[in-house]
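Structure first, then comments.
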Amino acid sequence: MIDLHTHSTASDGTLSPAELVAKASEAGVTTLALTDHDCVAGIAEARLAAAKCNINLIPGIELSVMWSGRSLHLLGLDVDASNSALTHALQKVLDFRRWRAEEIARKLEATGVVDALDGARAKAGTDLIGRSHFARYLVEQGHAKDFRQVFKRYMVKGKPGHVGGEWMSLEAGINLIHQSGGLAVLAHPARYNLSRTKLRGLFKELKALGANGIEVVSGSHSKDENQIMAQHALDFEFPASQGSDYHGPENTWVQLGRLPPMHYRCTPIWEAGLKLS
Ligand code: AMP
Ligand code: MN
Ligand code: MN
Ligand code: MN
C-alpha cells in the first residue's frame, strides 16, 4: 500500500510525524511520503518512527508555487532534506508566511475576529502558519460551523482572510526539487479550477520544464477526476503518482493509504524513477 502525499504537525496536519507513521503502519501502508507544505522539519522524526515499524519512508515536500498568476502545489518526492539550496529557499518561504500571517490576522481583525494571530499561532504550534491554522481558530471561535464553511467565507480569494501568495515560480520549484535530488510531481491537478485547455497548457509547460509526473489518484479528487487525470497522464506520457493528502483523523472521508486503484495503463511513478527501498 503506497501513499505519497501526507501532512503532519510540521505544517497543517494534526498528527505529529511519529503519530502519522504509526497510524499509517496500522492502516497497512508500506511506503509513505511525508510531504508537508514548504517544510521538511518533520522528516527526521518520521524517519525514526518508520524504522521502528518497517515502513519505507520517502522524504518529501509540497511546495507552494506560482503559475500564470495562481498558486499551485508541487510535490517533491525523495528530496534530500538537508540540501542547502532547499533549506535556504524554505527559510525565505517561512519569512513570507510570517508576513502573510500578520496580514491575514490584520484583515480578519478588521472584520471582528479577536486575537487572530495568536489564535492561529497556537493552532500551528510552530513558525509555519497557514490558512488551515486560521481556519481552525475561526471554527473554534464560532465564526463558521466547519472547515469547509470557514474556507468559503474567509480564506479564499476575495474573502477577508485571504492574502495572495508570492511563492516561487513553478520553474524555480521544479529546479529546486531537482537540485535536492527529488522528483517533481504536480499535486492534485483537478483542484485548481482550470479549464481543460488551461490544464493541458499547464501539463505541456510541466513537460517542457522537466517535471517528473502528475498526481493521478488523490484523496482530494473524485473518482471521475482520477480517471480524467489518468487520461492526461497517458496523453502527456507522465508517470502517475497517488496520495491521500491526509491531514489528520478529523477529515473522516480521507484515510491513509486508502485510494481507488490507478488506471491500469498508467505508469506508476515508483516504476518510473521513484526508488522504493
Ligand atoms: P496555505 O498553504 O496557507 O495557503 O494553506 C493551504 C491549505 O489550506 C491547503 O493545503 C489545505 O490544507 C487547506 N485548504 C485550502 N483550500 C481549502 C478549502 N477550500 N477547504 C478546505 N481546506 C482548504
Ligand atoms: Mn494543507
Ligand atoms: Mn495541496
Ligand atoms: Mn497536501
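To be explicit about the labels: the chains of the C-alpha cells are called A, B, and onward in the order shown, and within each one the residues are counted from 1, while ligands get numbers from 1 in the order they are shown.
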- Query: Any idea what's packed within 9 Å of A:Asp245, counting only C-alpha atoms, ignoring anything in its chain fewer than 2 positions away? Could you give it as an MDAnalysis selection string?
  - Reply: chainID A and resid 3:7 35 188 218:220 243 247 254 256
File dump, residues just selected, N, CA and C atoms, as an mmCIF file, in the first residue's frame:
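Result file result_0.cif:
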data_model
loop_
_atom_site.group_PDB
_atom_site.id
_atom_site.type_symbol
_atom_site.label_atom_id
_atom_site.label_comp_id
_atom_site.auth_asym_id
_atom_site.auth_seq_id
_atom_site.Cartn_x
_atom_site.Cartn_y
_atom_site.Cartn_z
ATOM 1 N N ASP A 3 1.320 5.398 -0.235
ATOM 2 C CA ASP A 3 0.677 6.712 -0.059
ATOM 3 C C ASP A 3 1.751 7.793 -0.127
ATOM 4 N N LEU A 4 1.723 8.574 -1.206
ATOM 5 C CA LEU A 4 2.826 9.504 -1.470
ATOM 6 C C LEU A 4 2.457 10.975 -1.242
ATOM 7 N N HIS A 5 1.480 11.233 -0.366
ATOM 8 C CA HIS A 5 1.113 12.631 -0.092
ATOM 9 C C HIS A 5 0.419 12.710 1.267
ATOM 10 N N THR A 6 1.147 13.151 2.288
ATOM 11 C CA THR A 6 0.574 13.272 3.636
ATOM 12 C C THR A 6 1.175 14.457 4.390
ATOM 13 N N HIS A 7 0.447 14.907 5.401
ATOM 14 C CA HIS A 7 0.881 16.062 6.200
ATOM 15 C C HIS A 7 0.943 15.734 7.692
ATOM 16 N N THR A 35 4.879 14.822 3.100
ATOM 17 C CA THR A 35 5.003 15.944 2.158
ATOM 18 C C THR A 35 4.390 17.206 2.772
ATOM 19 N N HIS A 188 -2.519 17.055 -6.956
ATOM 20 C CA HIS A 188 -3.978 17.172 -7.186
ATOM 21 C C HIS A 188 -4.368 18.127 -8.317
ATOM 22 N N SER A 218 -5.829 10.968 -6.111
ATOM 23 C CA SER A 218 -5.665 11.826 -4.928
ATOM 24 C C SER A 218 -6.892 11.710 -4.035
ATOM 25 N N GLY A 219 -6.634 11.765 -2.737
ATOM 26 C CA GLY A 219 -7.724 11.798 -1.767
ATOM 27 C C GLY A 219 -8.585 13.034 -1.909
ATOM 28 N N SER A 220 -8.061 14.048 -2.636
ATOM 29 C CA SER A 220 -8.853 15.254 -2.846
ATOM 30 C C SER A 220 -9.513 15.271 -4.225
ATOM 31 N N GLY A 243 -1.732 9.655 -3.792
ATOM 32 C CA GLY A 243 -1.582 10.013 -2.387
ATOM 33 C C GLY A 243 -2.893 10.485 -1.797
ATOM 34 N N HIS A 247 -4.554 14.896 6.235
ATOM 35 C CA HIS A 247 -4.186 15.975 7.166
ATOM 36 C C HIS A 247 -4.496 15.606 8.617
ATOM 37 N N VAL A 254 -11.065 10.928 4.415
ATOM 38 C CA VAL A 254 -9.749 10.608 3.853
ATOM 39 C C VAL A 254 -9.007 9.675 4.815
ATOM 40 N N LEU A 256 -5.539 7.111 5.437
ATOM 41 C CA LEU A 256 -4.168 6.838 4.984
ATOM 42 C C LEU A 256 -4.143 5.580 4.115
#
- Task: DSSP on the backbone, then: every residue of stretch 135-210 of chain A marked helix (DSSP H, G or I), written as a ChimeraX atom specification.
- Result: /A:135-140,147-155,170-179,189-192,196-209
Which polymer residues have any atom within 8 Å of an atom of A:Ala105, counting only C-alpha atoms, with same-chain residues fewer than 2 positions away left out, as a compact mmCIF listing (two decimals) with N, CA and C atoms, in the first residue's frame?
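Output below, filename around-v6.txt:
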# COMPACT_ATOMS: atom_id res chain seq x y z
N ALA A 101 0.87 35.84 7.52
CA ALA A 101 0.02 35.56 8.68
C ALA A 101 -0.37 36.86 9.38
N GLU A 102 0.58 37.78 9.47
CA GLU A 102 0.27 39.08 10.10
C GLU A 102 -0.79 39.83 9.29
N GLU A 103 -0.63 39.78 7.97
CA GLU A 103 -1.60 40.44 7.09
C GLU A 103 -2.98 39.81 7.20
N LYS A 107 -6.43 41.64 8.57
CA LYS A 107 -7.67 41.71 7.80
C LYS A 107 -8.83 41.04 8.54
N LEU A 108 -8.54 39.93 9.19
CA LEU A 108 -9.60 39.24 9.94
C LEU A 108 -10.06 40.09 11.12
N GLU A 109 -9.09 40.73 11.79
CA GLU A 109 -9.45 41.53 12.95
C GLU A 109 -10.33 42.72 12.55
N ASP A 115 -7.94 38.45 18.29
CA ASP A 115 -6.69 37.69 18.53
C ASP A 115 -6.39 36.64 17.46
N ALA A 116 -6.60 37.01 16.20
CA ALA A 116 -6.45 36.03 15.12
C ALA A 116 -5.02 35.48 15.03
N LEU A 117 -4.03 36.36 15.19
CA LEU A 117 -2.65 35.89 15.01
C LEU A 117 -2.26 34.92 16.13
N GLY A 161 -10.09 36.88 4.90
CA GLY A 161 -8.86 36.26 5.43
C GLY A 161 -7.93 35.75 4.35
Per residue of chain A within 10 Å of ligand 2, record the nearest atom pair and its distance in Å to one decimal, counting only C-alpha atoms and all ligand atoms, with rows in chain order and ascending residue number, as a tab-separated table.
residue	atom	partner	partner_atom_place_in_ligand_line	distance
A:Thr6	CA	ligand 2	1 (Mn)	8.9
A:His7	CA	ligand 2	1 (Mn)	7.1
A:Ser8	CA	ligand 2	1 (Mn)	9.4
A:Ser11	CA	ligand 2	1 (Mn)	7.4
A:Asp12	CA	ligand 2	1 (Mn)	5.3
A:Gly13	CA	ligand 2	1 (Mn)	6.9
A:Thr35	CA	ligand 2	1 (Mn)	9.7
A:Asp36	CA	ligand 2	1 (Mn)	7.8
A:His37	CA	ligand 2	1 (Mn)	6.7
A:Glu62	CA	ligand 2	1 (Mn)	9.0
A:His73	CA	ligand 2	1 (Mn)	9.9
A:Gly130	CA	ligand 2	1 (Mn)	8.0
A:Arg131	CA	ligand 2	1 (Mn)	8.3
A:Ser132	CA	ligand 2	1 (Mn)	6.7
A:His133	CA	ligand 2	1 (Mn)	9.6
A:Asp245	CA	ligand 2	1 (Mn)	7.8
A:Tyr246	CA	ligand 2	1 (Mn)	8.6
A:His247	CA	ligand 2	1 (Mn)	6.7
- Nearest candidate to A:Gly119 (options A:Ala89, A:Ala81, A:Ala135, A:Ile55; using only C-alpha atoms): A:Ala135
- Item | 8 Å contact set for A:Phe238, only C-alpha atoms, chain neighbours under 4 positions out, as a PyMOL selection string | chain A and resi 212-214+233-234+267
- Item | Best match for closeness to A:Asn193 among A:Phe134, A:Glu225, A:Val29, A:Ser244, counting only C-alpha atoms |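 Ranked by minimum distance to A:Asn193, first place goes to A:Glu225.
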- Query: Taking into account only C-alpha atoms, which residue in the set A:Leu86, A:Leu128, A:Ala240, A:Ala49 is nearest to A:Pro261?
  - Reply: A:Ala240
- Between atom CA of A:Arg153 and atom 14 (N, counted along the ligand's line) of ligand 1, distance in Å (one decimal): 12.4 Å
- Residues of stretch 40-128 of chain A in strand (DSSP E) according to DSSP, as number ranges by chain? A: 56-67, 70-77
- Message: Can you pull out the residues contacting A:Lys207? Cut-off 12 Å, using only C-alpha atoms, and skip same-chain residues under 2 positions away; I want them as a list in words.
- Response: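 Once the adjacent positions are removed, what remains is Leu170, Glu171, Ile174, Ala184, Val185, Leu186, Arg200, Gly201, Leu202, Phe203, Lys204, Glu205, Leu209, Gly210, Ala211, Asn212, Gly213, Ile214, His232, Ala233, Asp235, Phe236, Glu237, Phe238 and Pro239 of chain A.
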- Message: Ranking A:Arg47, A:Arg191, A:Lys23, A:Lys92 by minimum distance to ligand 1 and counting only C-alpha atoms and all ligand atoms, which one comes first?
- Response: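 Checking each of A:Arg47, A:Arg191, A:Lys23, A:Lys92 against ligand 1, counting only C-alpha atoms and all ligand atoms, the winner is A:Arg191.
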- With only C-alpha atoms as the basis for distance, which of A:Gly142, A:Pro189, A:Gly42, A:Gly273 is at the shortest distance from A:Leu57?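 Once distances to A:Leu57 are computed over only C-alpha atoms, the minimum belongs to A:Gly42.
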- Message: For a quick check of understanding, using only C-alpha atoms, which of A:Cys53, A:Leu77, A:Gly112, A:Arg100 has the smallest distance to A:Ser241?
- Response: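 Result for the nearest residue to A:Ser241: A:Leu77.
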- Message: Can you measure atom CA of A:Met155 to atom 16 (N, counted along the ligand's line) of ligand 1 for me? One decimal in Å is fine.
- Response: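 Answer for the atom CA of A:Met155 to atom 16 (N, counted along the ligand's line) of ligand 1 separation: 7.5 Å.
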List the spatial neighbours of A:Glu26 as a tab-separated table (two decimals) with N, CA, C and O atoms, in the first residue's frame - criterion: any atom at most 12 Å away, only C-alpha atoms, same-chain residues fewer than 2 positions off excluded.
chain	number	residue	atom	x	y	z
A	1	MET	N	0.85	-1.20	0.00
A	1	MET	CA	0.00	0.00	0.00
A	1	MET	C	0.89	1.25	0.00
A	1	MET	O	1.70	1.43	0.90
A	19	GLU	N	3.24	10.05	15.10
A	19	GLU	CA	1.86	9.56	15.15
A	19	GLU	C	1.35	9.20	13.76
A	19	GLU	O	0.66	8.19	13.57
A	20	LEU	N	1.69	10.03	12.79
A	20	LEU	CA	1.27	9.78	11.40
A	20	LEU	C	1.83	8.45	10.91
A	20	LEU	O	1.11	7.63	10.33
A	21	VAL	N	3.11	8.23	11.15
A	21	VAL	CA	3.75	6.99	10.70
A	21	VAL	C	3.12	5.78	11.40
A	21	VAL	O	2.82	4.77	10.76
A	22	ALA	N	2.87	5.90	12.70
A	22	ALA	CA	2.26	4.80	13.44
A	22	ALA	C	0.87	4.48	12.88
A	22	ALA	O	0.50	3.32	12.69
A	23	LYS	N	0.12	5.52	12.59
A	23	LYS	CA	-1.23	5.33	12.06
A	23	LYS	C	-1.18	4.71	10.66
A	23	LYS	O	-1.99	3.85	10.32
A	24	ALA	N	-0.21	5.13	9.86
A	24	ALA	CA	-0.05	4.56	8.52
A	24	ALA	C	0.29	3.08	8.62
A	24	ALA	O	-0.25	2.25	7.87
A	28	GLY	N	-1.77	-0.40	7.33
A	28	GLY	CA	-1.20	-1.31	6.34
A	28	GLY	C	-0.38	-0.64	5.25
A	28	GLY	O	-0.04	-1.27	4.24
A	29	VAL	N	-0.06	0.64	5.45
A	29	VAL	CA	0.75	1.34	4.45
A	29	VAL	C	2.19	0.81	4.51
A	29	VAL	O	2.74	0.64	5.59
A	30	THR	N	2.76	0.53	3.36
A	30	THR	CA	4.13	0.02	3.33
A	30	THR	C	5.12	1.10	2.90
A	30	THR	O	6.26	1.11	3.34
A	50	ALA	N	9.46	5.43	11.31
A	50	ALA	CA	9.28	4.47	10.21
A	50	ALA	C	10.21	3.26	10.37
A	50	ALA	O	9.82	2.13	10.07
A	53	CYS	N	8.69	0.63	12.62
A	53	CYS	CA	7.55	-0.20	12.21
A	53	CYS	C	7.64	-0.65	10.76
A	53	CYS	O	6.62	-0.99	10.15
A	54	ASN	N	8.89	-0.66	10.25
A	54	ASN	CA	9.09	-1.25	8.93
A	54	ASN	C	8.36	-0.57	7.80
A	54	ASN	O	7.95	-1.22	6.84
A	55	ILE	N	8.19	0.74	7.92
A	55	ILE	CA	7.61	1.49	6.82
A	55	ILE	C	8.74	2.10	6.01
A	55	ILE	O	9.75	2.53	6.56
A	255	GLN	N	-8.61	8.50	4.31
A	255	GLN	CA	-7.89	7.53	5.13
A	255	GLN	C	-6.49	7.33	4.55
A	255	GLN	O	-6.31	7.34	3.34
A	256	LEU	N	-5.54	7.11	5.44
A	256	LEU	CA	-4.17	6.84	4.98
A	256	LEU	C	-4.14	5.58	4.12
A	256	LEU	O	-4.67	4.54	4.51
A	257	GLY	N	-3.52	5.71	2.95
A	257	GLY	CA	-3.32	4.54	2.10
A	257	GLY	C	-4.56	4.04	1.36
A	257	GLY	O	-4.45	3.20	0.49
- Distance of atom CA of A:Leu138 from atom 16 (N, counted along the ligand's line) of ligand 1, expressed in Å to one decimal place: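 Rounded to one decimal, the two atoms are 14.4 Å apart.
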